[in-house]
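This is input27.pdb. It holds PDB, C-alpha atoms.
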MODEL        1
ATOM      1  CA  MET A   1       9.047  26.117   9.680
ATOM      2  CA  PRO A   2       7.397  22.695   9.320
ATOM      3  CA  PRO A   3       9.572  19.764  10.408
ATOM      4  CA  LYS A   4      11.790  18.113   7.814
ATOM      5  CA  LEU A   5      10.011  15.188   6.178
ATOM      6  CA  GLY A   6      11.648  11.869   5.458
ATOM      7  CA  ILE A   7      10.045   9.657   2.812
ATOM      8  CA  VAL A   8      10.840   5.955   2.974
ATOM      9  CA  ALA A   9      10.285   5.129  -0.684
ATOM     10  CA  GLY A  10       9.129   1.822  -2.083
ATOM     11  CA  GLY A  11       7.940   1.323  -5.649
ATOM     12  CA  GLY A  12       5.383   3.111  -7.788
ATOM     13  CA  ALA A  13       4.482   6.773  -8.210
ATOM     14  CA  LEU A  14       3.460   7.683  -4.654
ATOM     15  CA  PRO A  15       6.927   8.668  -3.329
ATOM     16  CA  ALA A  16       7.389  11.209  -6.133
ATOM     17  CA  ARG A  17       3.883  12.588  -5.557
ATOM     18  CA  LEU A  18       4.679  12.990  -1.871
ATOM     19  CA  VAL A  19       7.868  14.878  -2.701
ATOM     20  CA  ALA A  20       5.960  17.299  -4.959
ATOM     21  CA  ALA A  21       3.134  17.835  -2.459
ATOM     22  CA  ALA A  22       5.498  18.363   0.484
ATOM     23  CA  ARG A  23       7.525  20.923  -1.462
ATOM     24  CA  GLU A  24       4.326  22.768  -2.376
ATOM     25  CA  GLN A  25       3.632  22.965   1.354
ATOM     26  CA  GLY A  26       7.070  24.470   1.928
ATOM     27  CA  ARG A  27       8.528  21.377   3.553
ATOM     28  CA  GLU A  28      12.117  20.249   3.228
ATOM     29  CA  VAL A  29      12.266  16.641   2.054
ATOM     30  CA  PHE A  30      14.751  13.791   2.206
ATOM     31  CA  VAL A  31      14.135  10.397   0.570
ATOM     32  CA  LEU A  32      15.387   7.103   1.967
ATOM     33  CA  ALA A  33      14.919   4.857  -1.068
ATOM     34  CA  ILE A  34      14.724   1.059  -0.888
ATOM     35  CA  THR A  35      17.073  -0.595  -3.380
ATOM     36  CA  GLY A  36      15.260  -2.894  -5.806
ATOM     37  CA  HIS A  37      11.906  -1.252  -5.113
ATOM     38  CA  ALA A  38      12.025   2.554  -5.454
ATOM     39  CA  VAL A  39      12.012   4.063  -8.951
ATOM     40  CA  ALA A  40      15.238   6.043  -9.318
ATOM     41  CA  SER A  41      14.089   8.072 -12.333
ATOM     42  CA  SER A  42      11.096   9.465 -10.424
ATOM     43  CA  LEU A  43      13.330  10.746  -7.602
ATOM     44  CA  ALA A  44      15.874  12.641  -9.691
ATOM     45  CA  GLY A  45      16.934  15.916  -8.133
ATOM     46  CA  VAL A  46      15.669  14.981  -4.656
ATOM     47  CA  PRO A  47      18.116  14.689  -1.720
ATOM     48  CA  GLN A  48      18.304  10.961  -1.148
ATOM     49  CA  ALA A  49      20.127   7.886   0.092
ATOM     50  CA  TRP A  50      19.618   4.259  -0.878
ATOM     51  CA  ILE A  51      19.578   1.249   1.444
ATOM     52  CA  ARG A  52      18.741  -2.425   1.302
ATOM     53  CA  LEU A  53      15.736  -3.578   3.333
ATOM     54  CA  GLY A  54      18.122  -5.243   5.782
ATOM     55  CA  GLU A  55      20.089  -2.059   6.507
ATOM     56  CA  ALA A  56      17.845  -0.521   9.164
ATOM     57  CA  GLY A  57      20.809   0.585  11.243
ATOM     58  CA  ARG A  58      22.382   2.613   8.446
ATOM     59  CA  GLY A  59      18.966   3.966   7.433
ATOM     60  CA  LEU A  60      18.302   5.317  10.930
ATOM     61  CA  ASP A  61      21.757   6.902  11.040
ATOM     62  CA  VAL A  62      21.196   8.608   7.680
ATOM     63  CA  LEU A  63      17.805   9.983   8.698
ATOM     64  CA  ARG A  64      19.250  11.459  11.893
ATOM     65  CA  GLU A  65      22.216  12.966  10.021
ATOM     66  CA  GLN A  66      19.750  14.626   7.634
ATOM     67  CA  GLY A  67      17.747  16.158  10.479
ATOM     68  CA  VAL A  68      14.531  14.287   9.624
ATOM     69  CA  GLU A  69      11.788  14.617  12.253
ATOM     70  CA  GLU A  70       8.695  13.189  10.556
ATOM     71  CA  LEU A  71       8.559  10.033   8.457
ATOM     72  CA  VAL A  72       6.094   8.776   5.882
ATOM     73  CA  MET A  73       6.295   5.382   4.160
ATOM     74  CA  ALA A  74       4.961   5.043   0.642
ATOM     75  CA  GLY A  75       5.092   2.622  -2.259
ATOM     76  CA  PRO A  76       4.919  -1.169  -2.427
ATOM     77  CA  VAL A  77       7.807  -3.266  -1.138
ATOM     78  CA  ARG A  78       8.013  -6.960  -1.885
ATOM     79  CA  ARG A  79       8.578  -8.828   1.344
ATOM     80  CA  PRO A  80      11.874 -10.752   1.200
ATOM     81  CA  SER A  81      12.801 -13.989   2.886
ATOM     82  CA  LEU A  82      15.145 -13.711   5.863
ATOM     83  CA  THR A  83      17.887 -15.226   3.681
ATOM     84  CA  ASP A  84      17.477 -12.483   1.064
ATOM     85  CA  LEU A  85      17.169  -9.800   3.748
ATOM     86  CA  ARG A  86      20.800 -10.161   4.965
ATOM     87  CA  PRO A  87      20.051  -8.088   8.061
ATOM     88  CA  ASP A  88      22.576  -5.829   9.740
ATOM     89  CA  TRP A  89      22.877  -6.108  13.532
ATOM     90  CA  ARG A  90      20.169  -3.485  14.127
ATOM     91  CA  THR A  91      17.681  -5.260  11.848
ATOM     92  CA  ALA A  92      18.552  -8.685  13.273
ATOM     93  CA  ARG A  93      17.974  -7.411  16.814
ATOM     94  CA  PHE A  94      14.589  -6.037  15.752
ATOM     95  CA  PHE A  95      13.466  -9.379  14.294
ATOM     96  CA  ALA A  96      14.733 -11.258  17.330
ATOM     97  CA  ARG A  97      12.514  -9.123  19.570
ATOM     98  CA  LEU A  98       9.588  -9.286  17.148
ATOM     99  CA  GLY A  99       9.199 -13.071  17.107
ATOM    100  CA  LEU A 100       5.877 -14.367  15.798
ATOM    101  CA  ARG A 101       4.562 -10.885  15.064
ATOM    102  CA  ALA A 102       6.747 -10.927  11.958
ATOM    103  CA  LEU A 103       4.520 -13.593  10.398
ATOM    104  CA  GLY A 104       1.801 -11.145   9.257
ATOM    105  CA  ASP A 105       2.250  -7.920   7.311
ATOM    106  CA  ASP A 106       0.102  -5.789   9.609
ATOM    107  CA  GLY A 107       1.782  -7.053  12.779
ATOM    108  CA  LEU A 108       5.193  -6.442  11.225
ATOM    109  CA  LEU A 109       4.362  -2.908  10.085
ATOM    110  CA  LYS A 110       2.914  -1.944  13.462
ATOM    111  CA  ALA A 111       6.140  -3.129  15.066
ATOM    112  CA  VAL A 112       8.217  -1.151  12.542
ATOM    113  CA  ILE A 113       6.276   2.032  13.349
ATOM    114  CA  ALA A 114       6.669   1.466  17.084
ATOM    115  CA  GLU A 115      10.415   0.999  16.563
ATOM    116  CA  LEU A 116      10.732   4.194  14.516
ATOM    117  CA  GLU A 117       8.821   6.184  17.106
ATOM    118  CA  GLU A 118      10.998   4.740  19.861
ATOM    119  CA  GLU A 119      13.961   6.050  17.884
ATOM    120  CA  GLY A 120      12.457   9.547  18.082
ATOM    121  CA  PHE A 121      10.741   9.934  14.679
ATOM    122  CA  ARG A 122       7.078  10.859  14.216
ATOM    123  CA  VAL A 123       5.443   8.546  11.672
ATOM    124  CA  ILE A 124       2.565  10.046   9.698
ATOM    125  CA  GLY A 125       0.232   8.688   7.019
ATOM    126  CA  LEU A 126       0.657   9.733   3.405
ATOM    127  CA  HIS A 127      -2.873  11.188   3.492
ATOM    128  CA  ALA A 128      -1.524  13.800   5.920
ATOM    129  CA  ILE A 129       0.468  15.158   2.955
ATOM    130  CA  LEU A 130      -1.814  14.118   0.081
ATOM    131  CA  GLY A 131      -5.153  15.161   1.537
ATOM    132  CA  ASP A 132      -7.258  14.102  -1.469
ATOM    133  CA  VAL A 133      -5.705  10.684  -2.016
ATOM    134  CA  LEU A 134      -8.271   8.499  -0.186
ATOM    135  CA  ALA A 135     -11.285   6.947  -1.903
ATOM    136  CA  GLU A 136     -14.656   8.690  -1.715
ATOM    137  CA  ALA A 137     -18.079   7.068  -1.671
ATOM    138  CA  GLY A 138     -20.061   6.402  -4.833
ATOM    139  CA  VAL A 139     -19.376   5.664  -8.492
ATOM    140  CA  TRP A 140     -16.526   7.769  -9.887
ATOM    141  CA  GLY A 141     -16.760   7.263 -13.644
ATOM    142  CA  ARG A 142     -19.318   6.708 -16.384
ATOM    143  CA  VAL A 143     -19.834   2.974 -15.803
ATOM    144  CA  VAL A 144     -22.257   1.924 -13.060
ATOM    145  CA  PRO A 145     -22.213  -1.558 -11.439
ATOM    146  CA  ASP A 146     -25.320  -3.589 -12.259
ATOM    147  CA  ALA A 147     -27.261  -5.812  -9.847
ATOM    148  CA  ALA A 148     -24.961  -8.810 -10.436
ATOM    149  CA  ALA A 149     -21.872  -6.713  -9.752
ATOM    150  CA  GLN A 150     -23.465  -5.235  -6.624
ATOM    151  CA  SER A 151     -24.107  -8.741  -5.340
ATOM    152  CA  ASP A 152     -20.476  -9.725  -6.024
ATOM    153  CA  ILE A 153     -19.278  -6.589  -4.215
ATOM    154  CA  GLY A 154     -21.305  -7.485  -1.135
ATOM    155  CA  HIS A 155     -19.954 -11.036  -1.118
ATOM    156  CA  GLY A 156     -16.433  -9.787  -1.746
ATOM    157  CA  LEU A 157     -16.575  -7.441   1.245
ATOM    158  CA  LYS A 158     -17.378 -10.361   3.548
ATOM    159  CA  ILE A 159     -14.547 -12.502   2.168
ATOM    160  CA  ALA A 160     -12.032  -9.649   2.231
ATOM    161  CA  ARG A 161     -12.887  -8.897   5.824
ATOM    162  CA  CYS A 162     -12.216 -12.511   6.809
ATOM    163  CA  LEU A 163      -8.856 -12.346   5.029
ATOM    164  CA  GLY A 164      -8.008  -9.142   6.861
ATOM    165  CA  GLU A 165      -8.880 -10.562  10.255
ATOM    166  CA  LEU A 166      -6.255 -13.253   9.616
ATOM    167  CA  ASP A 167      -3.727 -10.642   8.374
ATOM    168  CA  VAL A 168      -3.505 -12.409   5.007
ATOM    169  CA  GLY A 169      -4.379  -9.842   2.332
ATOM    170  CA  GLN A 170      -6.601  -6.946   1.327
ATOM    171  CA  SER A 171      -8.110  -8.030  -1.994
ATOM    172  CA  VAL A 172     -10.470 -10.635  -3.405
ATOM    173  CA  VAL A 173     -11.925 -11.283  -6.864
ATOM    174  CA  ILE A 174     -15.543 -12.477  -7.075
ATOM    175  CA  GLN A 175     -17.466 -13.494 -10.191
ATOM    176  CA  GLN A 176     -21.092 -14.602 -10.096
ATOM    177  CA  GLY A 177     -20.770 -15.300  -6.389
ATOM    178  CA  ILE A 178     -17.670 -17.489  -6.871
ATOM    179  CA  VAL A 179     -14.346 -16.594  -5.267
ATOM    180  CA  LEU A 180     -11.853 -16.647  -8.145
ATOM    181  CA  GLY A 181      -8.901 -15.664  -6.006
ATOM    182  CA  VAL A 182      -7.693 -14.020  -2.805
ATOM    183  CA  GLU A 183      -4.597 -11.905  -2.321
ATOM    184  CA  ALA A 184      -1.648 -13.144  -0.305
ATOM    185  CA  ILE A 185       2.032 -12.275  -0.704
ATOM    186  CA  GLU A 186       1.872 -12.020  -4.516
ATOM    187  CA  GLY A 187       0.087  -8.650  -4.623
ATOM    188  CA  THR A 188      -2.913  -7.377  -6.562
ATOM    189  CA  ASP A 189      -1.441  -7.453 -10.078
ATOM    190  CA  ALA A 190      -0.469 -11.114  -9.784
ATOM    191  CA  LEU A 191      -3.860 -11.930  -8.248
ATOM    192  CA  LEU A 192      -5.635 -10.358 -11.220
ATOM    193  CA  ALA A 193      -3.421 -12.140 -13.741
ATOM    194  CA  ARG A 194      -4.221 -15.461 -12.086
ATOM    195  CA  CYS A 195      -7.944 -14.743 -11.957
ATOM    196  CA  GLY A 196      -7.996 -13.847 -15.635
ATOM    197  CA  GLU A 197      -7.199 -17.485 -16.381
ATOM    198  CA  LEU A 198      -9.963 -18.672 -14.042
ATOM    199  CA  ARG A 199     -12.840 -16.407 -15.080
ATOM    200  CA  ARG A 200     -16.133 -18.003 -16.040
ATOM    201  CA  GLN A 201     -18.374 -17.305 -19.000
ATOM    202  CA  GLY A 202     -20.871 -14.493 -18.503
ATOM    203  CA  PRO A 203     -20.670 -11.167 -16.645
ATOM    204  CA  GLY A 204     -17.169 -10.249 -15.516
ATOM    205  CA  GLY A 205     -16.052 -10.359 -11.929
ATOM    206  CA  VAL A 206     -15.237  -7.666  -9.395
ATOM    207  CA  LEU A 207     -12.033  -6.762  -7.566
ATOM    208  CA  VAL A 208     -12.779  -5.757  -3.978
ATOM    209  CA  LYS A 209     -10.081  -4.078  -1.852
ATOM    210  CA  ILE A 210     -10.474  -3.088   1.802
ATOM    211  CA  SER A 211      -8.200  -2.392   4.750
ATOM    212  CA  LYS A 212      -7.724  -4.984   7.452
ATOM    213  CA  PRO A 213      -9.770  -4.680  10.671
ATOM    214  CA  GLY A 214      -7.680  -2.714  13.138
ATOM    215  CA  GLN A 215      -5.069  -1.972  10.486
ATOM    216  CA  GLU A 216      -2.387   0.622  11.160
ATOM    217  CA  ARG A 217      -3.637   3.421   8.883
ATOM    218  CA  ARG A 218      -0.303   5.180   8.489
ATOM    219  CA  VAL A 219       1.158   2.445   6.287
ATOM    220  CA  ASP A 220       0.154  -0.174   3.702
ATOM    221  CA  LEU A 221      -3.366   1.034   3.003
ATOM    222  CA  PRO A 222      -4.916  -0.726  -0.011
ATOM    223  CA  THR A 223      -3.970   1.118  -3.184
ATOM    224  CA  ILE A 224      -5.215   1.297  -6.759
ATOM    225  CA  GLY A 225      -4.137   3.244  -9.808
ATOM    226  CA  VAL A 226      -4.038   3.150 -13.580
ATOM    227  CA  ARG A 227      -2.082  -0.111 -13.594
ATOM    228  CA  THR A 228      -4.725  -1.763 -11.402
ATOM    229  CA  VAL A 229      -7.418  -0.767 -13.885
ATOM    230  CA  GLU A 230      -5.396  -2.013 -16.841
ATOM    231  CA  THR A 231      -4.726  -5.363 -15.167
ATOM    232  CA  ALA A 232      -8.382  -5.724 -14.149
ATOM    233  CA  ALA A 233      -9.426  -5.078 -17.751
ATOM    234  CA  GLU A 234      -6.933  -7.656 -19.034
ATOM    235  CA  ALA A 235      -8.447 -10.154 -16.577
ATOM    236  CA  GLY A 236     -11.932  -9.530 -17.993
ATOM    237  CA  LEU A 237     -13.382  -7.963 -14.843
ATOM    238  CA  ALA A 238     -16.432  -5.723 -14.788
ATOM    239  CA  GLY A 239     -15.080  -3.308 -12.211
ATOM    240  CA  ILE A 240     -13.335  -2.428  -8.976
ATOM    241  CA  ALA A 241     -14.818  -1.593  -5.566
ATOM    242  CA  VAL A 242     -12.647  -0.162  -2.786
ATOM    243  CA  GLU A 243     -13.197   0.896   0.786
ATOM    244  CA  VAL A 244     -14.167   4.515   1.369
ATOM    245  CA  GLY A 245     -11.658   6.546   3.377
ATOM    246  CA  SER A 246      -9.154   3.680   3.616
ATOM    247  CA  THR A 247      -7.979   3.102   0.031
ATOM    248  CA  VAL A 248      -5.324   5.183  -1.703
ATOM    249  CA  VAL A 249      -6.187   6.173  -5.272
ATOM    250  CA  VAL A 250      -3.033   7.132  -7.165
ATOM    251  CA  ASP A 251      -3.767   9.900  -9.705
ATOM    252  CA  ARG A 252      -7.536   9.638  -9.489
ATOM    253  CA  PRO A 253      -8.331  11.558 -12.730
ATOM    254  CA  ALA A 254      -6.094   9.254 -14.784
ATOM    255  CA  THR A 255      -7.399   6.164 -12.989
ATOM    256  CA  VAL A 256     -11.030   7.102 -13.650
ATOM    257  CA  ALA A 257     -10.234   7.940 -17.278
ATOM    258  CA  ALA A 258      -8.575   4.546 -17.723
ATOM    259  CA  ALA A 259     -11.616   2.795 -16.243
ATOM    260  CA  ASP A 260     -14.010   4.705 -18.501
ATOM    261  CA  ALA A 261     -11.898   3.851 -21.546
ATOM    262  CA  ALA A 262     -11.856   0.167 -20.563
ATOM    263  CA  GLY A 263     -15.583   0.042 -19.755
ATOM    264  CA  LEU A 264     -14.990  -0.788 -16.077
ATOM    265  CA  PHE A 265     -16.772   0.708 -13.096
ATOM    266  CA  LEU A 266     -14.906   2.219 -10.160
ATOM    267  CA  CYS A 267     -16.650   2.830  -6.858
ATOM    268  CA  GLY A 268     -16.064   3.522  -3.190
ATOM    269  CA  VAL A 269     -18.060   1.427  -0.720
ATOM    270  CA  ALA A 270     -18.359   1.206   3.055
ATOM    271  CA  ALA A 271     -16.868  -1.865   4.697
ATOM    272  CA  ALA A 272     -18.233  -2.530   8.173
ATOM    273  CA  LYS A 273     -15.643  -3.451  10.787
ATOM    274  CA  LYS A 274     -16.069  -5.128  14.165
TER     275      LYS A 274
ENDMDL
END
Starting from the file, lay out its structure as structure tokens.
Amino acid sequence: MPPKLGIVAGGGALPARLVAAAREQGREVFVLAITGHAVASSLAGVPQAWIRLGEAGRGLDVLREQGVEELVMAGPVRRPSLTDLRPDWRTARFFARLGLRALGDDGLLKAVIAELEEEGFRVIGLHAILGDVLAEAGVWGRVVPDAAAQSDIGHGLKIARCLGELDVGQSVVIQQGIVLGVEAIEGTDALLARCGELRRQGPGGVLVKISKPGQERRVDLPTIGVRTVETAAEAGLAGIAVEVGSTVVVDRPATVAAADAAGLFLCGVAAAKK
């Protein structure tokens, strides 16, 4: 029998997709859902417990009681301030040891994984369960990026890589060679909404998403889905380019269909790393 899988569930549709895929593989599943982030309606009928982000101690106890051996983390989680976190003693001890590594998302997540593995859990990437979820190379839909868009993609890859090296964000919006916006703590949807107000006349811009150099691939890979396409269209963009093999595409058929309907291109591109 495959080991029991624990899913630490943030927002969006990915946790529910993981549940369905794991059950198809004959795996027993337990969900540890994050209050204020996970979507309760999508997890109906699944064995589950709910915790605040600051309740790491109780979360670990629950996972052990449920016999979980492997863990996968999926779905966006808005990063709280320490005041909002209200950490229990276990979480507070973790942050005290972490120190400055808590300042960047990637450093924090690597430390979280190390902590979970020290506690005896095996942490796996969601692509180990959803084998077809990562972006493939090439243009996926009917719309093809023109020469101007290709130039913006190239420029965007350079900017996004610089952001990643500083552990700032994974996304950038470029239009006609101009950086309209870069992603920080606000997330991609808010970035696109802001850039929609800044767009220039002429050909629309491009959203470029890549993973950070040296990023821990088991968590927080860049992600797009139907909502990303809809928000990009509302912002007047021409298309979206994401990194091959390192970007999660939620419900690819629906995402491609949404892009075709909106007249946007979707493509997977290589992003050179040091």
Which neighbours of stretch 154-158 of chain A fall inside 12 Å, counting all atoms listed in the file, when residues of the same chain fewer than 3 positions from it are skipped, and could you give them as a PyMOL selection string? chain A and resi 145+147-151+161-165+170-182+205-213+240-243+268-274
Tell me which residues the PyMOL selection byres ((chain A and resi 128) around 12) grabs here, as an MDAnalysis selection string. chainID A and resid 5 18 21:22 25 70:73 123:127 129:134 217:219
Hits of the PyMOL selection byres ((chain A and resi 30) around 10) in this structure, as JSON, numbers by chain: {"A": [4, 5, 6, 7, 8, 19, 27, 28, 29, 31, 32, 33, 46, 47, 48, 49, 62, 63, 66, 67, 68, 71]}
Go through A:Ala13, A:Ala261, A:Leu237, A:Ile159 one by one, measure the shortest atom-to-atom distance of each to A:Arg142 using all atoms listed in the file, and give the residue with the smallest value.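 When distances to A:Arg142 are compared using all atoms listed in the file, the smallest one comes from A:Ala261.
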Need to verify the contact set: A:Leu98, 9 Å, all atoms listed in the file, exclusion of same-chain residues closer than 4 positions in sequence. Can you return it as a list in words? Arg93, Phe94, Ala102, Leu108 and Ala111 of chain A
Identify which of the residues A:Arg90, A:Arg23, A:Arg78, A:His37 lies closest to A:Glu119, counting all atoms listed in the file when measuring atom-to-atom distances.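 That would be A:Arg90, the residue with the smallest distance to A:Glu119.
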Between A:Ala74, A:Ala92, A:Ala9, A:Ala238, which is the closest to A:Val250 once you count only C-alpha atoms?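 The shortest atom-to-atom distance to A:Val250 comes from A:Ala74.
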A:Ala56, A:Ala20, A:Ile224, A:Val139 ranked by distance to A:Leu43, top pick (using all atoms listed in the file):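 Nearest candidate to A:Leu43 out of A:Ala56, A:Ala20, A:Ile224, A:Val139: A:Ala20.
Shortest separation to A:Ala254 among A:Arg122, A:Arg227, A:Arg58, A:Arg86 occurs at residue A:Arg227, atoms counted being all atoms listed in the file.
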Using Å and a single decimal, report how far atom CA of A:Gly36 sits from atom CA of A:Glu55. 13.3 Å
To one decimal place, how far is atom CA of A:Phe265 from atom CA of A:Pro222 in Å? 17.7 Å
Identify the residues around (-5.8, -13.2, -16.5) within a radius of 7 Å, measuring from all atoms listed in the file in the coordinates stated by the file, and give them as a PyMOL selection string. chain A and resi 192-197+234-235
